[in-house]
Structures are given as C-alpha cells and as structure tokens.
>>> print(open('protein.csv').read())   # CSV, C-alpha atoms
chain,number,residue,atom,x,y,z
K,712,MET,CA,80.4,-12.4,-30.1
K,713,GLU,CA,77.6,-11.0,-32.2
K,714,ARG,CA,78.7,-13.1,-35.3
K,715,PHE,CA,79.1,-16.2,-33.2
K,716,ILE,CA,75.5,-15.9,-31.8
K,717,ARG,CA,74.1,-15.1,-35.2
K,718,LYS,CA,75.7,-18.1,-36.9
K,719,SER,CA,75.0,-20.5,-34.1
K,720,LEU,CA,71.3,-19.7,-34.3
K,721,GLY,CA,71.3,-19.9,-38.1
K,722,LEU,CA,69.6,-16.5,-38.5
K,723,LYS,CA,68.7,-15.4,-42.1
K,724,ALA,CA,66.2,-12.6,-41.8
K,725,HIS,CA,67.6,-11.4,-38.4
K,726,THR,CA,70.9,-10.2,-37.0
K,727,VAL,CA,72.5,-9.6,-33.6
K,728,VAL,CA,72.8,-5.9,-33.1
K,729,LYS,CA,74.7,-5.9,-29.8
K,730,VAL,CA,75.5,-8.0,-26.8
K,731,GLU,CA,74.9,-6.4,-23.4
K,732,GLU,CA,76.4,-7.6,-20.1
K,733,LEU,CA,74.2,-7.5,-17.1
K,734,PRO,CA,75.4,-6.7,-13.5
K,735,ASP,CA,74.8,-10.3,-12.4
K,736,GLY,CA,77.0,-11.7,-15.2
K,737,GLY,CA,74.3,-12.6,-17.6
K,738,LEU,CA,74.4,-11.7,-21.3
K,739,VAL,CA,71.6,-10.2,-23.4
K,740,ALA,CA,71.9,-10.4,-27.2
K,741,HIS,CA,69.7,-7.8,-28.9
K,742,VAL,CA,68.2,-9.1,-32.2
K,743,ASP,CA,66.7,-7.0,-34.9
K,744,ARG,CA,65.3,-7.7,-38.4
K,745,LEU,CA,67.4,-7.3,-41.5
K,746,PRO,CA,65.9,-4.9,-44.0
K,747,HIS,CA,64.6,-6.2,-47.3
K,748,ARG,CA,64.3,-9.8,-45.9
K,749,GLN,CA,61.0,-11.6,-45.9
K,750,LEU,CA,59.5,-12.7,-42.6
K,751,ARG,CA,57.3,-15.7,-42.1
K,752,CYS,CA,53.8,-16.1,-40.7
K,753,GLY,CA,53.6,-17.4,-37.2
K,754,VAL,CA,50.7,-19.7,-38.0
K,755,CYS,CA,51.2,-21.2,-41.4
K,756,GLY,CA,54.9,-20.4,-41.8
K,757,GLN,CA,54.8,-19.1,-45.4
K,758,ALA,CA,56.9,-16.1,-46.4
K,759,THR,CA,55.1,-12.7,-46.3
K,760,GLY,CA,56.2,-9.5,-47.9
K,761,ALA,CA,54.0,-7.0,-46.0
K,762,VAL,CA,55.1,-6.0,-42.6
K,763,ALA,CA,52.8,-3.9,-40.3
K,764,ALA,CA,54.1,-0.7,-38.8
K,765,ALA,CA,53.2,-1.6,-35.2
K,766,ARG,CA,55.5,-4.1,-33.4
K,767,ARG,CA,54.8,-6.2,-30.4
K,768,ALA,CA,56.6,-5.5,-27.1
K,769,ALA,CA,60.1,-6.7,-26.6
K,770,ARG,CA,60.4,-10.3,-25.4
K,771,ARG,CA,63.3,-12.4,-24.0
K,772,TRP,CA,64.2,-16.0,-24.8
K,773,ARG,CA,66.6,-18.0,-22.7
K,774,ASP,CA,69.4,-19.7,-24.6
K,775,LEU,CA,72.2,-22.1,-23.7
K,776,SER,CA,74.7,-20.4,-21.4
K,777,CYS,CA,78.1,-19.2,-22.6
K,778,ARG,CA,80.4,-20.8,-20.1
K,779,ASP,CA,79.0,-19.7,-16.8
K,780,HIS,CA,77.1,-16.7,-18.2
K,781,PRO,CA,73.4,-17.1,-18.8
K,782,LEU,CA,72.4,-15.8,-22.3
K,783,TRP,CA,69.1,-14.2,-23.3
K,784,LEU,CA,67.9,-13.1,-26.7
K,785,ALA,CA,65.9,-9.9,-26.7
K,786,TYR,CA,63.7,-9.1,-29.7
K,787,ALA,CA,60.4,-7.2,-30.5
K,788,PRO,CA,58.5,-9.4,-33.0
K,789,HIS,CA,56.9,-7.7,-36.0
K,790,ARG,CA,53.3,-8.1,-37.2
K,791,VAL,CA,53.0,-9.5,-40.7
K,792,ARG,CA,50.1,-9.6,-43.1
K,793,CYS,CA,49.7,-13.1,-44.4
K,794,ALA,CA,47.6,-13.8,-47.5
K,795,THR,CA,46.1,-16.9,-45.8
K,796,CYS,CA,45.9,-16.0,-42.1
K,797,GLY,CA,45.6,-12.2,-42.1
K,798,LEU,CA,47.4,-10.1,-39.5
K,799,ARG,CA,49.7,-12.3,-37.4
K,800,VAL,CA,52.9,-12.2,-35.4
K,801,GLU,CA,55.9,-13.3,-37.3
K,802,ARG,CA,57.4,-16.8,-36.7
K,803,ILE,CA,60.5,-16.7,-34.4
K,804,PRO,CA,63.2,-18.9,-36.1
K,805,TRP,CA,65.1,-19.7,-32.8
K,806,ALA,CA,62.1,-20.7,-30.6
K,807,GLU,CA,58.9,-22.6,-30.8
K,808,PRO,CA,55.6,-20.7,-30.5
K,809,TRP,CA,54.6,-19.8,-26.9
K,810,GLN,CA,58.0,-20.9,-25.6
K,811,ARG,CA,60.4,-18.6,-23.8
K,812,VAL,CA,63.5,-20.8,-24.4
K,813,THR,CA,65.3,-21.4,-27.6
K,814,VAL,CA,65.2,-24.7,-29.6
K,815,ALA,CA,68.7,-25.5,-28.6
K,816,LEU,CA,68.1,-25.1,-24.9
K,817,GLY,CA,64.8,-26.9,-25.2
K,818,ARG,CA,66.5,-29.9,-26.7
K,819,ALA,CA,69.1,-29.9,-24.0
K,820,VAL,CA,66.4,-29.7,-21.3
K,821,ALA,CA,64.4,-32.5,-22.9
K,822,THR,CA,67.4,-34.8,-23.2
K,823,LEU,CA,68.5,-34.3,-19.6
K,824,ALA,CA,64.9,-34.7,-18.4
K,825,ARG,CA,64.9,-38.3,-19.5
K,826,ALA,CA,67.4,-39.2,-16.8
K,827,LEU,CA,66.8,-36.7,-14.0
K,828,PRO,CA,63.7,-35.3,-12.2
K,829,TRP,CA,62.5,-32.0,-13.6
K,830,ALA,CA,63.4,-30.1,-10.4
K,831,ALA,CA,67.1,-31.2,-10.9
K,832,VAL,CA,67.0,-30.2,-14.6
K,833,ALA,CA,65.6,-26.8,-13.6
K,834,ALA,CA,68.3,-26.2,-11.1
K,835,HIS,CA,71.0,-27.3,-13.6
K,836,PHE,CA,69.9,-24.8,-16.3
K,837,ARG,CA,68.7,-22.2,-13.8
K,838,LEU,CA,65.2,-22.3,-15.0
K,839,ASN,CA,61.8,-22.4,-13.4
K,840,TRP,CA,60.2,-25.9,-12.9
K,841,LYS,CA,57.2,-24.8,-14.9
K,842,THR,CA,59.5,-23.9,-17.8
K,843,VAL,CA,61.0,-27.4,-17.8
K,844,ALA,CA,57.5,-28.9,-17.6
K,845,ALA,CA,56.3,-26.9,-20.6
K,846,VAL,CA,59.5,-27.8,-22.6
K,847,VAL,CA,59.0,-31.6,-21.9
K,848,GLU,CA,55.3,-31.5,-22.7
K,849,GLY,CA,56.0,-29.7,-25.9
K,850,ALA,CA,58.7,-32.2,-26.9
K,851,VAL,CA,56.2,-35.1,-26.1
K,852,LEU,CA,53.5,-33.6,-28.3
K,853,TRP,CA,56.0,-33.0,-31.1
K,854,GLY,CA,57.4,-36.5,-30.8
K,855,LEU,CA,53.9,-38.1,-30.8
K,856,ALA,CA,53.1,-36.3,-34.0
K,857,HIS,CA,56.4,-37.1,-35.7
K,858,ARG,CA,57.3,-40.6,-34.4
K,859,ARG,CA,57.8,-43.3,-37.0
K,860,TRP,CA,54.9,-45.7,-37.0
K,861,ARG,CA,55.5,-49.4,-37.2
K,862,PRO,CA,52.8,-52.1,-37.3
K,863,LEU,CA,51.8,-53.6,-33.9
K,864,HIS,CA,51.7,-57.4,-33.8
K,865,VAL,CA,52.2,-58.3,-30.1
K,866,LEU,CA,50.6,-56.0,-27.5
K,867,GLY,CA,51.0,-56.0,-23.7
K,868,ILE,CA,48.4,-54.3,-21.6
K,869,ASP,CA,48.8,-53.6,-17.9
K,870,GLU,CA,47.9,-50.9,-15.4
K,871,VAL,CA,50.1,-48.9,-13.0
K,872,SER,CA,49.0,-47.1,-9.9
K,873,ARG,CA,49.0,-43.3,-10.2
K,874,ARG,CA,48.3,-42.3,-6.6
K,875,LYS,CA,46.4,-43.6,-3.6
K,876,GLY,CA,42.6,-44.2,-3.9
K,877,GLN,CA,42.5,-46.8,-6.7
K,878,GLN,CA,43.6,-44.3,-9.4
K,879,TYR,CA,45.4,-46.0,-12.2
K,880,LEU,CA,46.9,-45.5,-15.7
K,881,THR,CA,46.6,-48.1,-18.5
K,882,LEU,CA,49.9,-48.8,-20.4
K,883,VAL,CA,49.8,-50.3,-23.8
K,884,TYR,CA,53.2,-51.8,-24.7
K,885,ASP,CA,54.7,-53.1,-27.9
K,886,LEU,CA,56.3,-56.3,-26.8
K,887,GLU,CA,58.3,-56.8,-30.0
K,888,ARG,CA,60.1,-53.5,-29.7
K,889,ARG,CA,59.8,-53.1,-25.9
K,890,ARG,CA,58.4,-49.6,-25.8
K,891,VAL,CA,55.3,-47.8,-24.6
K,892,VAL,CA,52.8,-47.1,-27.4
K,893,TRP,CA,49.9,-45.5,-25.5
K,894,VAL,CA,49.0,-44.3,-22.0
K,895,GLY,CA,45.5,-43.7,-20.8
K,896,LYS,CA,43.8,-42.6,-17.7
K,897,ASP,CA,42.0,-45.2,-15.5
K,898,ARG,CA,41.7,-48.9,-16.3
K,899,ASP,CA,38.1,-49.4,-17.3
K,900,GLU,CA,36.7,-50.6,-20.7
K,901,ALA,CA,36.2,-47.0,-21.9
K,902,THR,CA,40.0,-46.4,-21.5
K,903,LEU,CA,40.9,-49.3,-23.8
K,904,ASN,CA,38.1,-48.3,-26.2
K,905,GLY,CA,39.9,-44.9,-26.4
K,906,PHE,CA,43.1,-46.7,-27.4
K,907,PHE,CA,41.5,-48.7,-30.2
K,908,ALA,CA,39.7,-45.6,-31.4
K,909,TRP,CA,43.0,-43.8,-31.6
K,910,LEU,CA,44.6,-46.9,-33.3
K,911,GLY,CA,42.0,-47.2,-36.0
K,912,PRO,CA,40.4,-50.2,-37.7
K,913,ARG,CA,43.1,-50.8,-40.2
K,914,ARG,CA,45.9,-50.9,-37.6
K,915,GLN,CA,43.8,-53.1,-35.3
K,916,ARG,CA,43.7,-55.9,-38.0
K,917,ALA,CA,47.5,-56.2,-37.7
K,918,ILE,CA,47.4,-57.3,-34.0
K,919,ARG,CA,47.9,-61.0,-33.6
K,920,VAL,CA,48.6,-61.5,-29.9
K,921,VAL,CA,47.6,-59.6,-26.8
K,922,CYS,CA,49.1,-60.4,-23.4
K,923,CYS,CA,47.2,-59.1,-20.4
K,924,ASP,CA,45.8,-60.0,-17.0
K,925,MET,CA,42.3,-61.4,-16.4
K,926,TRP,CA,40.7,-58.0,-15.8
K,927,ALA,CA,37.2,-58.2,-17.2
K,928,ALA,CA,37.1,-54.6,-18.5
K,929,TYR,CA,40.2,-55.3,-20.7
K,930,LEU,CA,38.8,-58.6,-22.0
K,931,ALA,CA,35.5,-56.9,-23.0
K,932,ALA,CA,37.3,-54.3,-25.0
K,933,LEU,CA,39.5,-56.9,-26.7
K,934,ARG,CA,36.6,-59.1,-27.7
K,935,GLN,CA,35.0,-56.0,-29.3
K,936,HIS,CA,37.9,-54.6,-31.2
K,937,VAL,CA,40.5,-57.3,-31.9
K,938,ALA,CA,38.5,-60.6,-32.0
K,939,GLN,CA,41.0,-62.1,-34.4
K,940,ALA,CA,43.9,-61.8,-31.9
K,941,THR,CA,44.9,-64.5,-29.5
K,942,VAL,CA,44.7,-63.4,-25.9
K,943,VAL,CA,47.4,-64.9,-23.7
K,944,PHE,CA,47.0,-64.4,-19.9
K,945,ASP,CA,50.3,-63.4,-18.3
K,946,ARG,CA,51.9,-66.1,-16.3
K,947,PHE,CA,53.2,-63.6,-13.8
K,948,HIS,CA,49.7,-62.5,-12.8
K,949,LEU,CA,48.6,-66.1,-12.5
K,950,SER,CA,51.6,-66.9,-10.3
K,951,GLN,CA,50.7,-63.8,-8.2
K,952,HIS,CA,47.1,-65.2,-7.6
K,953,LEU,CA,48.6,-68.6,-6.8
K,954,SER,CA,51.0,-67.1,-4.2
K,955,ARG,CA,48.2,-65.1,-2.7
K,956,ALA,CA,46.1,-68.3,-2.3
K,957,VAL,CA,49.1,-70.1,-0.5
K,958,ASP,CA,49.6,-67.1,1.8
K,959,ASP,CA,45.9,-67.0,2.7
K,960,VAL,CA,46.0,-70.7,3.7
K,961,ARG,CA,49.2,-70.0,5.7
K,962,ARG,CA,47.4,-67.3,7.7
K,963,GLN,CA,44.5,-69.7,8.4
K,964,THR,CA,46.9,-72.4,9.5
K,965,TRP,CA,48.7,-69.9,11.8
K,966,ARG,CA,45.4,-69.1,13.5
K,967,GLN,CA,44.7,-72.7,14.2
K,968,LEU,CA,48.1,-73.7,15.7
K,969,ALA,CA,48.9,-73.5,19.4
K,970,GLY,CA,51.8,-74.3,21.6
K,971,PRO,CA,55.2,-75.4,20.4
K,972,ALA,CA,53.9,-75.9,16.8
K,973,ARG,CA,53.1,-72.2,16.6
K,974,GLY,CA,56.7,-71.3,17.4
K,975,GLU,CA,58.0,-73.6,14.7
K,976,PHE,CA,55.6,-72.2,12.2
K,977,LYS,CA,56.6,-68.5,12.9
K,978,ALA,CA,58.4,-66.5,10.1
K,979,THR,CA,57.9,-69.1,7.4
K,980,ARG,CA,56.0,-67.1,4.8
K,981,PHE,CA,58.7,-67.0,2.2
K,982,LEU,CA,59.6,-70.6,2.7
K,983,TRP,CA,56.1,-71.5,1.3
K,984,LEU,CA,56.3,-68.9,-1.5
K,985,LYS,CA,59.8,-69.5,-2.8
K,986,ASN,CA,60.6,-71.9,-5.6
K,987,PRO,CA,62.5,-75.0,-4.3
K,988,GLU,CA,65.6,-74.3,-6.4
K,989,ASN,CA,66.0,-70.8,-4.8
K,990,LEU,CA,66.0,-72.1,-1.2
K,991,THR,CA,69.2,-72.1,0.8
K,992,ARG,CA,70.4,-75.3,2.6
K,993,ALA,CA,69.0,-74.1,5.9
K,994,GLU,CA,65.7,-73.1,4.4
K,995,HIS,CA,65.4,-76.4,2.6
K,996,THR,CA,66.0,-78.3,5.9
K,997,ARG,CA,63.4,-76.3,7.7
K,998,LEU,CA,60.8,-76.6,4.9
K,999,SER,CA,61.4,-80.4,4.9
K,1000,ALA,CA,60.5,-80.5,8.6
K,1001,LEU,CA,57.4,-78.4,8.1
K,1002,LEU,CA,56.1,-80.6,5.3
K,1003,LYS,CA,55.8,-83.4,7.8
K,1004,LEU,CA,53.1,-81.5,9.6
K,1005,ASN,CA,49.5,-82.6,9.1
K,1006,ALA,CA,48.3,-79.0,8.2
K,1007,PRO,CA,46.4,-77.5,5.3
K,1008,ILE,CA,49.4,-75.4,4.3
K,1009,VAL,CA,51.2,-78.6,3.2
K,1010,LYS,CA,48.4,-79.4,0.8
K,1011,ALA,CA,48.4,-75.8,-0.5
K,1012,TYR,CA,52.2,-76.0,-1.1
K,1013,LEU,CA,51.9,-79.2,-3.0
K,1014,LEU,CA,49.1,-77.7,-5.2
K,1015,LYS,CA,51.3,-74.7,-5.9
K,1016,GLU,CA,54.3,-76.8,-7.0
K,1017,ASP,CA,52.0,-79.0,-9.1
K,1018,LEU,CA,50.6,-75.9,-11.0
K,1019,ARG,CA,54.2,-74.7,-11.6
K,1020,ARG,CA,54.8,-77.7,-13.7
K,1021,PHE,CA,52.2,-76.4,-16.2
K,1022,TRP,CA,54.6,-73.8,-17.5
K,1023,THR,CA,57.1,-76.5,-18.7
K,1024,TYR,CA,54.6,-78.1,-21.1
K,1025,ARG,CA,55.0,-77.4,-24.8
K,1026,SER,CA,52.1,-79.7,-26.0
K,1027,THR,CA,48.7,-78.1,-25.6
K,1028,ALA,CA,47.1,-81.6,-25.1
K,1029,TRP,CA,49.4,-82.6,-22.3
K,1030,ALA,CA,49.1,-79.2,-20.7
K,1031,ALA,CA,45.3,-79.3,-20.9
K,1032,GLY,CA,45.3,-82.8,-19.2
K,1033,HIS,CA,47.6,-81.6,-16.5
K,1034,LEU,CA,45.5,-78.5,-15.9
K,1035,LYS,CA,42.3,-80.6,-15.8
K,1036,GLN,CA,43.7,-82.8,-13.1
K,1037,TRP,CA,45.0,-79.8,-11.1
K,1038,LEU,CA,41.5,-78.2,-11.3
K,1039,TRP,CA,39.9,-81.3,-9.9
K,1040,ARG,CA,42.4,-81.5,-7.0
K,1041,ALA,CA,42.1,-77.8,-6.2
K,1042,SER,CA,38.3,-77.9,-6.3
K,1043,HIS,CA,38.2,-80.9,-3.9
K,1044,SER,CA,41.0,-79.6,-1.6
K,1045,ARG,CA,38.6,-78.1,1.0
K,1046,LEU,CA,40.7,-75.0,0.8
K,1047,ALA,CA,38.6,-71.9,0.1
K,1048,PRO,CA,41.4,-69.8,-1.5
K,1049,PHE,CA,42.2,-72.7,-3.9
K,1050,LYS,CA,38.6,-73.3,-4.7
K,1051,LYS,CA,38.3,-69.6,-5.7
K,1052,LEU,CA,41.5,-69.8,-7.7
K,1053,ALA,CA,40.3,-73.0,-9.5
K,1054,GLY,CA,37.1,-71.2,-10.5
K,1055,MET,CA,39.1,-68.3,-12.0
K,1056,VAL,CA,41.4,-70.6,-13.9
K,1057,ARG,CA,38.5,-72.6,-15.3
K,1058,ASN,CA,36.8,-69.4,-16.6
K,1059,HIS,CA,40.0,-68.3,-18.3
K,1060,GLN,CA,41.3,-71.7,-19.4
K,1061,ASP,CA,41.7,-70.8,-23.1
K,1062,GLY,CA,44.0,-67.9,-22.5
K,1063,ILE,CA,46.1,-69.9,-20.0
K,1064,LEU,CA,46.5,-72.8,-22.5
K,1065,ALA,CA,47.6,-70.3,-25.2
K,1066,TRP,CA,50.9,-70.1,-23.3
K,1067,THR,CA,51.9,-73.5,-24.7
K,1068,ARG,CA,51.6,-72.2,-28.3
K,1069,ILE,CA,52.7,-68.6,-27.8
K,1070,ARG,CA,55.5,-68.0,-25.3
K,1071,VAL,CA,54.6,-64.4,-24.6
K,1072,THR,CA,54.7,-62.8,-21.1
K,1073,ASN,CA,54.4,-59.4,-19.7
K,1074,GLY,CA,57.8,-59.6,-18.1
K,1075,ALA,CA,59.1,-56.7,-20.2
K,1076,LEU,CA,56.0,-54.7,-19.3
K,1077,GLU,CA,56.5,-55.4,-15.6
K,1078,GLY,CA,60.0,-54.1,-15.9
K,1079,MET,CA,58.7,-51.0,-17.6
K,1080,ASN,CA,56.2,-50.6,-14.8
K,1081,ASN,CA,59.1,-50.5,-12.4
K,1082,LYS,CA,60.7,-47.8,-14.5
K,1083,VAL,CA,57.4,-45.9,-14.5
K,1084,LYS,CA,57.2,-46.1,-10.7
K,1085,VAL,CA,60.8,-44.8,-10.5
K,1086,ILE,CA,59.8,-41.8,-12.7
K,1087,SER,CA,57.0,-41.1,-10.2
K,1088,HIS,CA,59.2,-41.7,-7.1
K,1089,ARG,CA,62.1,-39.5,-8.2
K,1090,ALA,CA,59.6,-36.6,-8.7
K,1091,PHE,CA,57.7,-37.4,-5.5
K,1092,GLY,CA,54.6,-37.8,-7.5
K,1093,PHE,CA,52.7,-35.6,-10.0
K,1094,ARG,CA,49.7,-33.4,-9.4
K,1095,THR,CA,47.9,-34.0,-12.7
K,1096,PRO,CA,47.5,-37.2,-14.7
K,1097,TRP,CA,48.7,-35.5,-17.9
K,1098,THR,CA,52.0,-34.5,-16.4
K,1099,TYR,CA,52.7,-38.0,-15.3
K,1100,MET,CA,51.6,-39.4,-18.7
K,1101,ALA,CA,53.8,-36.9,-20.5
K,1102,ASN,CA,56.8,-38.0,-18.4
K,1103,ILE,CA,56.0,-41.7,-19.2
K,1104,TYR,CA,55.9,-40.9,-22.9
K,1105,HIS,CA,59.1,-38.9,-22.7
K,1106,CYS,CA,61.1,-41.6,-20.9
K,1107,CYS,CA,59.6,-44.9,-22.1
K,1108,ALA,CA,58.2,-44.4,-25.6
K,1109,GLU,CA,61.4,-43.6,-27.5
K,1110,LEU,CA,59.9,-40.5,-29.1
K,1111,PRO,CA,62.1,-38.3,-31.4
K,1112,LEU,CA,63.1,-34.9,-30.0
K,1113,PRO,CA,62.3,-31.7,-31.9
>>> encode(input="protein.csv", output="structure tokens")
Amino acid sequence: MERFIRKSLGLKAHTVVKVEELPDGGLVAHVDRLPHRQLRCGVCGQATGAVAAARRAARRWRDLSCRDHPLWLAYAPHRVRCATCGLRVERIPWAEPWQRVTVALGRAVATLARALPWAAVAAHFRLNWKTVAAVVEGAVLWGLAHRRWRPLHVLGIDEVSRRKGQQYLTLVYDLERRRVVWVGKDRDEATLNGFFAWLGPRRQRAIRVVCCDMWAAYLAALRQHVAQATVVFDRFHLSQHLSRAVDDVRRQTWRQLAGPARGEFKATRFLWLKNPENLTRAEHTRLSALLKLNAPIVKAYLLKEDLRRFWTYRSTAWAAGHLKQWLWRASHSRLAPFKKLAGMVRNHQDGILAWTRIRVTNGALEGMNNKVKVISHRAFGFRTPWTYMANIYHCCAELPLP
C-alpha cells in the first residue's frame, strides 16, 4: 500500500512512511522527506540545498479515495533557504499552493464540475462546497494563464442577466470556434473597454467582424477600439424588436374591441407572432379570418411579414431598396410602435445592411446564453459575480485543466 501510494503520486524527494486506518474507515498516509534529497522552494520552484531545522505543523491533503475508503496525506512541510526568495516553505509536489486537495483529486473535481452543480460534486467526493469552489476557481485561473491563444476574427458580444435588479454580465464570444473568450461585469462602455484593454492593440487589429445588438454603450466602445471591423447587427435582436412592436399593437387593438369581436380576438397572440410556415392548419384558418378585420393589428402583421423578406436578399442594393420602402410604410402607418421601430432601424441601417454581405448572427451566442442560464439555474444562483464568471469560464471557454 505504501509503495502504491508513493508511485501513484510520483514522489521523488518524499516517501510514504506508513498507512494508518481510522475508525470511520478512512486512510491516512504519513509522508516524510527522504534524506539527502533536495527540496524545492515553494515560491520560485528551484532546488534548494539548505533545510531549516524548524518545520511547519503537520497538514493533511485529501486524495482520491481507495475504493470506498477516503484517503488523506499527512505531512509536516520543511522550511528551506532559497538563494532567491530567502526562507520559504518547501513546494509540495502532490498539491497546488494553498490547496488542501491533491492534484489528482482536483482534476477529478474540476472535470465533474463541468457537468454537475458544485453541491453535487461536493457530495460525490465527500468534500465541502467551499473546497470545490476553490478547486474550480484555481483551475480557471490556471486555464486562463495556459490556454492556447488563437487570433480573433469574428466576435459576438451579448449580455446575460446575473440576478434581479438589472445586473448583467457581458459575454464576448469567438463565433468561429464557438467558445467564450471573455466575461465582464455589467454591460456599459467601461466593461467593453476593459475587454479591449485586456486584448491589446495588436490583437485588436485582427478583428474583422463584430456581431452585437444595438446597445449604444457597446457601439461607442467598438468605434473607439476596432474602427476597422464591420459591425453586423444581430437579426435575432431585430426580430425581437419587431415582435415586440406587433405585440404592442395587438394590445392596443384588444383595448379598442368590444362585443363578439373581442371574443374572436382572444388568445391570438402567437398567431400574429408565428411565421406562416410554422402555423398548423387550424391556426392558419383562424388567422385568415382575423386578417379580414379592419383593425390596426392587420397592418402591423403585414409590416412584420414584409420586413421578414429583407433577410432573404443577397444583393445589398436590392436589400437597401426594400428596406427604404419598408421604412416609408412603417413611418406612415399611424402605428406608434412601428414609427419608433422605423426610427431605430434608420439610425442603424448600415449595420443591418451588412447582413447581406456577411451572414453572421449571434445564434450560437444565444445558445451559449441558454447554457449560461442553465449553469446559474442548476446552482440556484451565485452570491458573487466572480463565482458565476468562474463557472462560465469553466464550462464554456474550453480551458485546459491543470
């Protein structure tokens, strides 16, 4: 047993003296230093020859269990005299600094934490929740420092809600490789400025396309740092604004109706918002009857379907002509939600027309946002932003494990 533990840990300057069995079934492997073997400095890692007489108090590190028996390593670290760092505690070869679990157990915990909530991982390995959190955060910091960097050409930028009260996180996504690159707190201009400061001027010059929504804070930071990149406004966000305008008109129409027409109009929200090809036969029949009404919602529905044709164009000139006609009709529709939508589209027309040249959307990023929300839901939320951000990095950034 002593030889098995020593060889599995790959010990060179240490050996297992004895293995003690505890009353509760756990095992404690007592480790000691081999004489005439050099120890390493706990700060710089270089070999040191001088060992101080005084030792630190004995400590325990949790290791992978042997069958159903929990295993701990017990050792009293030596103090060493390093030529560079002075008097320091020796480097422990089987564990990272400030950790009370071995590297092998830490890797197992970090691997399982990508699929399960931390509470379930802690119960599986019989650890404290805080120990699992420290292991994952340490793995994230190591992975961020050692991940392989590849040039960023197509970026996706979006926000995800962290908790109630308009508290958000900004996600920067590599749309070519479909992974998270950077996570920042809040969604203001300073947040995105922090990302570009971290990225650096040389790496900023490689960015060719940025796909985002029409949030003014993001656009101001993009104009300042990546003016050479083409900004493409995400079609899913524009479709969301369009559906919201149709729903506002539907509510206004509902308030104006009375009598039998009000009953026919009840429970028709998704009939107006659905695409015609997704309607069932019964829904299609009911919508055809509703379209015969002389109501503002009919005009709103026709404007919605007319704008949907824009995404089928591949010629920028034809798309610009279609969008110009739609803007005129929306501006003169006497529908306040569509007038507001037309003003927003007119102010961001260049980024919308860029879709015809660069077919890039944030669809992958929206899917990643759903995965990020699942991470939060399965943990029933996180108390601190950094804990949430560390879990996003751990599960969505494809970081290497220590």
>>> atom_distance(input="protein.csv", atom1="CA of Lys1082 (chain K)", atom2="CA of Asn839 (chain K)")
25.4 Å
>>> atom_distance(input="protein.csv", atom1="CA of Gly970 (chain K)", atom2="CA of His995 (chain K)")
23.5 Å
>>> residues_around(input="protein.csv", residues="Thr1072 (chain K)", least_positions_apart="4", cutoff="12 Å", atoms="all atoms listed in the file", output="ChimeraX atom specification")
/K:865-869,884-887,889,920-924,942-950,1022,1062-1063,1065-1067,1076-1078
>>> residues_around(input="protein.csv", residues="Leu738 (chain K)", least_positions_apart="5", cutoff="7 Å", atoms="all atoms listed in the file", output="JSON, numbers by chain")
{"K": [730, 731, 732, 733, 780, 781, 782, 783]}
>>> residues_around(input="protein.csv", residues="Thr813 (chain K)", least_positions_apart="5", cutoff="8 Å", atoms="all atoms listed in the file", output="count of residues only")
7
>>> atom_distance(input="protein.csv", atom1="CA of Tyr1104 (chain K)", atom2="CA of Arg1089 (chain K)")
16.0 Å
>>> residues_around(input="protein.csv", residues="Trp840 (chain K)", least_positions_apart="4", cutoff="8 Å", atoms="only C-alpha atoms", output="PyMOL selection string")
chain K and resi 829-830+833+844
>>> residues_around(input="protein.csv", residues="Lys841 (chain K)", least_positions_apart="2", cutoff="12 Å", atoms="only C-alpha atoms", output="ChimeraX atom specification")
/K:810-811,829-830,832-834,837-839,843-848,1098
>>> closest_residue(input="protein.csv", among="K:Ala785, K:Phe976, K:Ala824, K:Gly756", to="Arg799 (chain K)", atoms="all atoms listed in the file")
K:Gly756
>>> closest_residue(input="protein.csv", among="K:Val742, K:Ala761, K:Ala815, K:Leu863", to="Ala787 (chain K)", atoms="all atoms listed in the file")
K:Val742
>>> axis_aligned_box(input="protein.csv", around="region 910-928 of chain K", padding_each_side="6 Å", output="AutoDock Vina command-line options")
--center_x 43.1 --center_y -54.2 --center_z -28.0 --size_x 24.0 --size_y 26.6 --size_z 36.4
>>> residues_near_point(input="protein.csv", point="(47.9, -46.0, -13.0)", cutoff="9 Å", atoms="all atoms listed in the file", output="PyMOL selection string")
chain K and resi 870-874+877-882+895-898+1096
>>> closest_residue(input="protein.csv", among="K:Gly760, K:Leu1034, K:Gly753, K:Tyr1012", to="His1059 (chain K)", atoms="all atoms listed in the file")
K:Leu1034
>>> closest_residue(input="protein.csv", among="K:Ile1086, K:Leu930, K:Ala1108, K:Leu1038", to="Arg858 (chain K)", atoms="all atoms listed in the file")
K:Ala1108
>>> closest_residue(input="protein.csv", among="K:Pro987, K:Gly817, K:Pro912, K:Pro1007", to="Thr964 (chain K)", atoms="only C-alpha atoms")
K:Pro1007
>>> closest_residue(input="protein.csv", among="K:Ala856, K:Leu953, K:Leu745, K:Ala765", to="Ala1053 (chain K)", atoms="only C-alpha atoms")
K:Leu953
